[in-house]
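Engineer: Sharing start_13.cif, mmCIF, C-alpha atoms:
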data_run
#
loop_
_atom_site.group_PDB
_atom_site.id
_atom_site.type_symbol
_atom_site.label_atom_id
_atom_site.label_comp_id
_atom_site.auth_asym_id
_atom_site.auth_seq_id
_atom_site.Cartn_x
_atom_site.Cartn_y
_atom_site.Cartn_z
ATOM 1 C CA MET A 1 -32.658 -12.290 26.418
ATOM 2 C CA GLY A 2 -32.545 -12.872 22.660
ATOM 3 C CA LYS A 3 -31.101 -9.394 22.050
ATOM 4 C CA ALA A 4 -28.195 -9.813 24.491
ATOM 5 C CA SER A 5 -27.467 -13.228 23.044
ATOM 6 C CA ASN A 6 -27.480 -11.794 19.512
ATOM 7 C CA GLN A 7 -25.145 -8.972 20.595
ATOM 8 C CA ASP A 8 -22.730 -11.489 22.161
ATOM 9 C CA ASP A 9 -22.837 -13.610 19.004
ATOM 10 C CA GLN A 10 -22.092 -10.536 16.861
ATOM 11 C CA GLU A 11 -19.139 -9.566 19.043
ATOM 12 C CA TYR A 12 -17.754 -13.108 19.095
ATOM 13 C CA LYS A 13 -18.141 -13.330 15.323
ATOM 14 C CA ALA A 14 -16.421 -9.959 14.860
ATOM 15 C CA ARG A 15 -13.539 -10.793 17.198
ATOM 16 C CA SER A 16 -12.850 -14.204 15.700
ATOM 17 C CA ALA A 17 -13.106 -12.990 12.086
ATOM 18 C CA ALA A 18 -10.837 -9.996 12.762
ATOM 19 C CA LEU A 19 -8.290 -12.167 14.539
ATOM 20 C CA ARG A 20 -8.241 -14.695 11.690
ATOM 21 C CA LEU A 21 -7.732 -11.909 9.144
ATOM 22 C CA LEU A 22 -4.938 -10.310 11.191
ATOM 23 C CA ALA A 23 -3.224 -13.683 11.609
ATOM 24 C CA ARG A 24 -2.826 -13.934 7.820
ATOM 25 C CA ARG A 25 -1.435 -10.438 7.215
ATOM 26 C CA GLU A 26 -1.509 -6.879 8.517
ATOM 27 C CA HIS A 27 -4.661 -4.906 7.700
ATOM 28 C CA SER A 28 -5.527 -1.248 8.050
ATOM 29 C CA ARG A 29 -8.455 -0.373 10.292
ATOM 30 C CA PHE A 30 -10.442 0.633 7.209
ATOM 31 C CA GLU A 31 -9.799 -2.697 5.424
ATOM 32 C CA LEU A 32 -10.705 -4.705 8.492
ATOM 33 C CA SER A 33 -13.865 -2.670 9.019
ATOM 34 C CA LEU A 34 -14.954 -3.297 5.408
ATOM 35 C CA LYS A 35 -14.329 -7.024 5.682
ATOM 36 C CA LEU A 36 -16.319 -7.260 8.904
ATOM 37 C CA ARG A 37 -19.210 -5.269 7.390
ATOM 38 C CA GLN A 38 -19.280 -7.756 4.521
ATOM 39 C CA ARG A 39 -19.908 -10.397 7.160
ATOM 40 C CA LYS A 40 -23.066 -8.498 8.239
ATOM 41 C CA ILE A 41 -21.671 -7.383 11.595
ATOM 42 C CA GLU A 42 -23.171 -4.231 13.101
ATOM 43 C CA PRO A 43 -21.022 -1.087 12.811
ATOM 44 C CA ASP A 44 -21.025 -0.295 16.557
ATOM 45 C CA VAL A 45 -19.784 -3.827 17.333
ATOM 46 C CA ILE A 46 -17.063 -3.470 14.686
ATOM 47 C CA GLU A 47 -15.863 -0.162 16.120
ATOM 48 C CA ARG A 48 -15.749 -1.556 19.654
ATOM 49 C CA VAL A 49 -13.777 -4.653 18.579
ATOM 50 C CA LEU A 50 -11.335 -2.638 16.446
ATOM 51 C CA ASP A 51 -10.786 -0.166 19.304
ATOM 52 C CA ASP A 52 -9.962 -3.094 21.608
ATOM 53 C CA TYR A 53 -7.563 -4.598 19.062
ATOM 54 C CA GLU A 54 -5.807 -1.251 18.576
ATOM 55 C CA GLY A 55 -5.478 -0.973 22.356
ATOM 56 C CA GLU A 56 -3.939 -4.447 22.496
ATOM 57 C CA GLY A 57 -1.505 -3.523 19.696
ATOM 58 C CA TRP A 58 -2.880 -6.165 17.347
ATOM 59 C CA LEU A 59 -4.135 -3.578 14.858
ATOM 60 C CA SER A 60 -1.988 -0.611 13.820
ATOM 61 C CA ASP A 61 -2.369 1.577 10.757
ATOM 62 C CA GLU A 62 1.234 2.784 11.155
ATOM 63 C CA ARG A 63 2.619 -0.758 11.177
ATOM 64 C CA PHE A 64 0.395 -1.734 8.235
ATOM 65 C CA ALA A 65 1.530 1.323 6.237
ATOM 66 C CA ASP A 66 5.202 0.618 6.894
ATOM 67 C CA ILE A 67 4.990 -3.053 5.909
ATOM 68 C CA TYR A 68 2.818 -2.347 2.863
ATOM 69 C CA ALA A 69 5.080 0.483 1.642
ATOM 70 C CA ARG A 70 8.245 -1.611 2.029
ATOM 71 C CA GLN A 71 6.674 -4.472 0.056
ATOM 72 C CA ARG A 72 5.589 -2.154 -2.751
ATOM 73 C CA MET A 73 9.007 -0.468 -2.840
ATOM 74 C CA ASP A 74 10.655 -3.872 -3.169
ATOM 75 C CA LEU A 75 8.358 -4.612 -6.122
ATOM 76 C CA GLY A 76 9.533 -1.457 -7.929
ATOM 77 C CA TYR A 77 6.759 1.018 -7.197
ATOM 78 C CA GLY A 78 7.332 4.727 -6.690
ATOM 79 C CA PRO A 79 6.157 7.060 -3.937
ATOM 80 C CA LEU A 80 3.097 8.451 -5.722
ATOM 81 C CA ARG A 81 1.572 5.044 -6.326
ATOM 82 C CA ILE A 82 2.423 3.738 -2.852
ATOM 83 C CA LEU A 83 0.798 6.735 -1.156
ATOM 84 C CA ALA A 84 -2.272 6.505 -3.410
ATOM 85 C CA GLU A 85 -2.698 2.803 -2.618
ATOM 86 C CA LEU A 86 -2.357 3.489 1.107
ATOM 87 C CA GLN A 87 -5.052 6.163 0.876
ATOM 88 C CA GLN A 88 -7.346 3.659 -0.830
ATOM 89 C CA ARG A 89 -6.777 1.408 2.179
ATOM 90 C CA GLY A 90 -7.689 4.153 4.640
ATOM 91 C CA VAL A 91 -4.189 5.239 5.668
ATOM 92 C CA HIS A 92 -3.611 8.959 5.149
ATOM 93 C CA ASN A 93 -0.175 9.408 6.710
ATOM 94 C CA THR A 94 3.149 8.826 4.989
ATOM 95 C CA PRO A 95 5.163 5.909 6.391
ATOM 96 C CA ASP A 96 8.680 6.656 7.627
ATOM 97 C CA CYS A 97 10.290 4.376 5.039
ATOM 98 C CA VAL A 98 8.794 6.501 2.219
ATOM 99 C CA ARG A 99 9.385 9.844 3.927
ATOM 100 C CA GLU A 100 13.072 9.050 4.594
ATOM 101 C CA MET A 101 13.875 8.206 0.954
ATOM 102 C CA THR A 102 15.678 11.007 -0.886
ATOM 103 C CA ASP A 103 14.980 12.021 -4.465
ATOM 104 C CA ALA A 104 18.332 10.515 -5.443
ATOM 105 C CA GLU A 105 17.270 7.156 -4.001
ATOM 106 C CA TRP A 106 13.930 7.263 -5.866
ATOM 107 C CA ILE A 107 15.786 8.148 -9.070
ATOM 108 C CA GLU A 108 18.119 5.198 -8.508
ATOM 109 C CA ARG A 109 15.138 2.867 -8.028
ATOM 110 C CA ALA A 110 13.482 4.199 -11.190
ATOM 111 C CA THR A 111 16.744 3.745 -13.102
ATOM 112 C CA LEU A 112 17.152 0.161 -11.879
ATOM 113 C CA LEU A 113 13.566 -0.592 -12.871
ATOM 114 C CA ARG A 114 14.128 0.934 -16.319
ATOM 115 C CA GLU A 115 17.347 -1.046 -16.741
ATOM 116 C CA LYS A 116 15.637 -4.291 -15.754
ATOM 117 C CA ARG A 117 12.698 -3.720 -18.086
ATOM 118 C CA PHE A 118 14.235 -1.944 -21.089
ATOM 119 C CA GLY A 119 17.994 -1.687 -20.644
ATOM 120 C CA LEU A 120 19.876 1.605 -20.431
ATOM 121 C CA CYS A 121 20.453 2.309 -24.110
ATOM 122 C CA ASP A 122 20.464 5.875 -25.456
ATOM 123 C CA ILE A 123 16.904 6.905 -26.326
ATOM 124 C CA THR A 124 17.413 10.660 -26.795
ATOM 125 C CA GLU A 125 16.639 10.413 -30.526
ATOM 126 C CA ASP A 126 13.833 7.836 -30.269
ATOM 127 C CA TRP A 127 10.838 9.845 -29.085
ATOM 128 C CA ASP A 128 8.351 6.938 -29.191
ATOM 129 C CA GLU A 129 10.572 4.721 -27.031
ATOM 130 C CA LYS A 130 11.216 7.557 -24.608
ATOM 131 C CA VAL A 131 7.488 8.155 -24.199
ATOM 132 C CA ARG A 132 6.849 4.428 -23.762
ATOM 133 C CA GLN A 133 9.421 4.119 -21.005
ATOM 134 C CA ALA A 134 8.265 7.349 -19.339
ATOM 135 C CA ARG A 135 4.669 6.088 -19.266
ATOM 136 C CA PHE A 136 5.814 2.819 -17.720
ATOM 137 C CA LEU A 137 7.701 4.581 -14.922
ATOM 138 C CA ALA A 138 4.842 7.037 -14.350
ATOM 139 C CA ARG A 139 2.348 4.165 -14.043
ATOM 140 C CA ARG A 140 4.668 2.639 -11.447
ATOM 141 C CA GLY A 141 4.256 5.807 -9.395
ATOM 142 C CA PHE A 142 7.452 7.748 -9.924
ATOM 143 C CA ALA A 143 7.299 11.540 -10.016
ATOM 144 C CA SER A 144 8.058 13.320 -13.280
ATOM 145 C CA ASP A 145 11.494 14.504 -12.119
ATOM 146 C CA HIS A 146 12.381 10.914 -11.128
ATOM 147 C CA VAL A 147 11.253 9.666 -14.538
ATOM 148 C CA GLU A 148 13.130 12.365 -16.398
ATOM 149 C CA SER A 149 16.362 11.664 -14.535
ATOM 150 C CA ALA A 150 16.025 7.917 -15.007
ATOM 151 C CA LEU A 151 15.513 8.363 -18.763
ATOM 152 C CA GLU A 152 18.698 10.418 -19.037
ATOM 153 C CA ARG A 153 20.874 7.618 -17.653
ATOM 154 C CA ARG A 154 22.831 5.568 -20.154
ATOM 155 C CA LEU A 155 25.284 2.690 -20.098
#
Do you think you could lay out the structure here as structure tokens?

Structural biologist:
Amino acid sequence: MGKASNQDDQEYKARSAALRLLARREHSRFELSLKLRQRKIEPDVIERVLDDYEGEGWLSDERFADIYARQRMDLGYGPLRILAELQQRGVHNTPDCVREMTDAEWIERATLLREKRFGLCDITEDWDEKVRQARFLARRGFASDHVESALERRL
């Protein structure tokens, strides 16, 4: 009797914790699984609860990826960084909002970010400044061709 009671307690604890976490923000299945394991919930209970929540539509890696990618794009991050961060969170597919962006749109975003941070002055002769700005855009996750095009833009 103690084992069944313990199993019920574990499932109740897993369901309530997962629901509280999902009420705050979207999570990937991987993130939610990690957070429930930190609460000392058994892996088989976690998998069962997460399967139920996916079936109910409360947990969706696709929805999480789309929301996360849009937020990061709005903050000025490029496709390489967004995809890397999604992979760290257990999502290995590319969200539609990232896939549908053209290179020209990524270049425009990189240019706007450069303009906001440094201005669009001519840096063709200033190698140190060009490298500094290129590193900044690369750290933000823009591909080298996006960075190169953004650095060529002037006022």

Engineer: Select, from A:Leu19, A:Ala150, A:Ala84, A:Leu59, the residue with the minimum atom-to-atom distance to Phe118 of chain A, counting only C-alpha atoms.

Structural biologist: A:Ala150

Engineer: Neighbourhood query: residues within 10 Å of (23.8, -1.0, -25.8), file coordinates, counting all atoms listed in the file; return as a JSON list (two decimals) with C-alpha atoms, keeping the file's coordinate frame.

Structural biologist:
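Here's the written file point.json:
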[["chain", "number", "residue", "atom", "x", "y", "z"],
["A", 119, "GLY", "CA", 17.99, -1.69, -20.64],
["A", 120, "LEU", "CA", 19.88, 1.60, -20.43],
["A", 121, "CYS", "CA", 20.45, 2.31, -24.11],
["A", 122, "ASP", "CA", 20.46, 5.88, -25.46],
["A", 154, "ARG", "CA", 22.83, 5.57, -20.15],
["A", 155, "LEU", "CA", 25.28, 2.69, -20.10]]

Engineer: Residues within 12 Å of Arg132 of chain A, please, as number ranges by chain. Count all atoms listed in the file; anything in the same chain fewer than 5 positions from it doesn't count.

Structural biologist: A: 114, 117-118, 123, 126-127, 137-139, 147, 151

Engineer: Using all atoms listed in the file, which residues of segment 57-151 of chain A come within 10 Å of segment 37-53 of chain A, and what is the closest atom pair for each, with the distance in Å to one decimal? Give it as CSV, sorted by chain and residue number.

Structural biologist:
residue,atom,partner,partner_atom,distance
A:Gly57,CA,A:Tyr53,CA,6.2
A:Trp58,CA,A:Tyr53,CA,5.2
A:Leu59,CA,A:Tyr53,CA,5.5
A:Ser60,CA,A:Tyr53,CA,8.6

Engineer: Write out as JSON, numbers by chain each polymer residue whose atoms come within 12 Å of segment 90-102 of chain A, counting all atoms listed in the file; drop sequence neighbours fewer than 4 positions from it.

Structural biologist: {"A": [27, 28, 29, 30, 31, 32, 33, 34, 60, 61, 62, 63, 64, 65, 66, 67, 68, 69, 70, 71, 72, 73, 74, 77, 78, 79, 80, 81, 82, 83, 84, 85, 86, 106, 107, 108, 109, 146]}

Engineer: Name the closest residue to Ser144 of chain A among the candidates A:Asp103, A:Glu56, A:Lys35, A:Asp128; distances are taken between atoms, counting only C-alpha atoms.

Structural biologist: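 The shortest atom-to-atom distance to Ser144 of chain A comes from A:Asp103.
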
Engineer: What's the separation between atom CA of Gly141 of chain A and atom CA of Leu21 of chain A, in Å to one decimal place?

Structural biologist: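 Those two atoms sit 28.3 Å apart.
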
Engineer: Identify which of the residues A:Ala14, A:Leu113, A:Val131, A:Ala23 lies closest to Leu36 of chain A, counting only C-alpha atoms when measuring atom-to-atom distances.

Structural biologist: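 Using only C-alpha atoms, the shortest distance to Leu36 of chain A belongs to A:Ala14.
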
Engineer: What is the atom CA of Glu115 of chain A to atom CA of Arg153 of chain A distance in Å?

Structural biologist: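 Taking atom CA of Glu115 of chain A and atom CA of Arg153 of chain A, their separation equals 9.4 Å.
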
Engineer: What gap, in Å, lies between atom CA of Gln87 of chain A and atom CA of Phe142 of chain A?

Structural biologist: 16.6 Å

Engineer: Filtering to C-alpha atoms, could segment 4-134 of chain A of the supplied structure be written out as a compact mmCIF listing (two decimals), in the first residue's frame?

Structural biologist:
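File produced: part-v5.txt:
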# COMPACT_ATOMS: atom_id res chain seq x y z
CA ALA A 4 1.06 2.79 -4.57
CA SER A 5 0.64 5.79 -2.30
CA ASN A 6 4.21 6.91 -3.04
CA GLN A 7 3.62 6.49 -6.79
CA ASP A 8 0.43 8.59 -6.59
CA ASP A 9 2.27 11.26 -4.60
CA GLN A 10 5.06 11.33 -7.21
CA GLU A 11 2.58 11.69 -10.06
CA TYR A 12 0.61 14.41 -8.27
CA LYS A 13 3.84 16.25 -7.48
CA ALA A 14 4.99 15.95 -11.11
CA ARG A 15 1.67 17.10 -12.56
CA SER A 16 1.31 20.09 -10.27
CA ALA A 17 4.94 21.21 -10.67
CA ALA A 18 4.79 20.87 -14.47
CA LEU A 19 1.51 22.77 -14.64
CA ARG A 20 2.87 25.59 -12.47
CA LEU A 21 5.97 25.86 -14.67
CA LEU A 22 3.91 25.87 -17.88
CA ALA A 23 1.59 28.53 -16.46
CA ARG A 24 4.54 30.93 -16.16
CA ARG A 25 5.98 30.41 -19.65
CA GLU A 26 6.36 27.86 -22.43
CA HIS A 27 8.95 25.15 -21.82
CA SER A 28 10.45 22.51 -24.07
CA ARG A 29 9.94 18.89 -23.07
CA PHE A 30 13.65 18.66 -22.25
CA GLU A 31 13.58 21.73 -19.97
CA LEU A 32 10.49 20.52 -18.16
CA SER A 33 11.98 17.06 -17.72
CA LEU A 34 15.16 18.54 -16.19
CA LYS A 35 13.19 20.72 -13.79
CA LEU A 36 11.08 17.79 -12.64
CA ARG A 37 14.18 15.61 -12.14
CA GLN A 38 15.61 18.34 -9.93
CA ARG A 39 12.54 17.87 -7.78
CA LYS A 40 13.51 14.19 -7.29
CA ILE A 41 10.64 12.79 -9.36
CA GLU A 42 11.17 9.37 -10.93
CA PRO A 43 11.94 9.39 -14.67
CA ASP A 44 9.10 7.00 -15.64
CA VAL A 45 6.58 9.24 -13.83
CA ILE A 46 8.00 12.30 -15.60
CA GLU A 47 7.71 10.67 -19.02
CA ARG A 48 4.12 9.59 -18.38
CA VAL A 49 3.08 13.08 -17.20
CA LEU A 50 4.84 14.84 -20.09
CA ASP A 51 3.24 12.44 -22.60
CA ASP A 52 -0.18 13.28 -21.13
CA TYR A 53 0.51 17.02 -21.29
CA GLU A 54 1.67 16.76 -24.91
CA GLY A 55 -1.53 14.85 -25.70
CA GLU A 56 -3.60 17.59 -24.07
CA GLY A 57 -1.71 20.25 -26.07
CA TRP A 58 -0.32 21.90 -22.95
CA LEU A 59 3.27 21.05 -23.86
CA SER A 60 4.60 21.54 -27.39
CA ASP A 61 8.20 21.79 -28.51
CA GLU A 62 7.09 23.41 -31.79
CA ARG A 63 5.15 26.15 -29.99
CA PHE A 64 8.01 26.69 -27.54
CA ALA A 65 10.54 26.95 -30.39
CA ASP A 66 8.41 29.46 -32.29
CA ILE A 67 7.83 31.71 -29.27
CA TYR A 68 11.45 31.48 -28.11
CA ALA A 69 12.83 32.22 -31.59
CA ARG A 70 10.54 35.23 -32.08
CA GLN A 71 11.60 36.67 -28.71
CA ARG A 72 15.29 36.23 -29.50
CA MET A 73 14.85 37.74 -32.97
CA ASP A 74 13.16 40.77 -31.42
CA LEU A 75 16.16 41.14 -29.09
CA GLY A 76 18.55 41.29 -32.06
CA TYR A 77 19.92 37.76 -32.22
CA GLY A 78 20.79 35.99 -35.46
CA PRO A 79 19.83 32.55 -36.74
CA LEU A 80 22.98 30.70 -35.65
CA ARG A 81 22.64 31.72 -32.02
CA ILE A 82 18.88 31.13 -31.92
CA LEU A 83 19.23 27.61 -33.31
CA ALA A 84 22.12 26.83 -30.94
CA GLU A 85 20.10 28.00 -27.93
CA LEU A 86 17.12 25.92 -29.03
CA GLN A 87 19.34 22.85 -29.30
CA GLN A 88 20.57 23.47 -25.76
CA ARG A 89 16.92 23.41 -24.71
CA GLY A 90 16.28 20.09 -26.45
CA VAL A 91 14.62 21.37 -29.62
CA HIS A 92 16.37 20.15 -32.77
CA ASN A 93 14.03 21.43 -35.47
CA THR A 94 14.07 24.89 -37.01
CA PRO A 95 11.00 27.01 -36.23
CA ASP A 96 9.02 28.36 -39.18
CA CYS A 97 9.72 31.99 -38.23
CA VAL A 98 13.48 31.37 -38.61
CA ARG A 99 13.19 29.17 -41.69
CA GLU A 100 11.01 31.73 -43.53
CA MET A 101 13.46 34.63 -43.05
CA THR A 102 15.51 35.40 -46.16
CA ASP A 103 19.19 36.30 -46.13
CA ALA A 104 18.23 39.86 -47.06
CA GLU A 105 16.02 40.09 -43.96
CA TRP A 106 18.81 38.75 -41.71
CA ILE A 107 21.22 41.25 -43.27
CA GLU A 108 18.73 44.04 -42.59
CA ARG A 109 18.42 42.95 -38.95
CA ALA A 110 22.21 42.81 -38.58
CA THR A 111 22.50 46.27 -40.15
CA LEU A 112 19.87 47.73 -37.82
CA LEU A 113 21.66 46.20 -34.84
CA ARG A 114 24.99 47.62 -36.02
CA GLU A 115 23.41 51.04 -36.55
CA LYS A 116 21.86 51.01 -33.09
CA ARG A 117 25.09 49.96 -31.40
CA PHE A 118 27.81 51.68 -33.45
CA GLY A 119 26.21 53.87 -36.11
CA LEU A 120 26.71 53.36 -39.84
CA CYS A 121 29.90 55.34 -40.38
CA ASP A 122 32.48 54.24 -42.97
CA ILE A 123 34.88 51.75 -41.37
CA THR A 124 36.62 50.44 -44.50
CA GLU A 125 39.94 52.01 -43.45
CA ASP A 126 39.66 51.28 -39.72
CA TRP A 127 40.53 47.59 -39.43
CA ASP A 128 40.31 47.44 -35.61
CA GLU A 129 36.81 48.94 -35.57
CA LYS A 130 35.69 46.65 -38.37
CA VAL A 131 36.90 43.60 -36.46
CA ARG A 132 35.24 44.83 -33.26
CA GLN A 133 31.89 45.28 -34.95
CA ALA A 134 32.20 41.97 -36.82
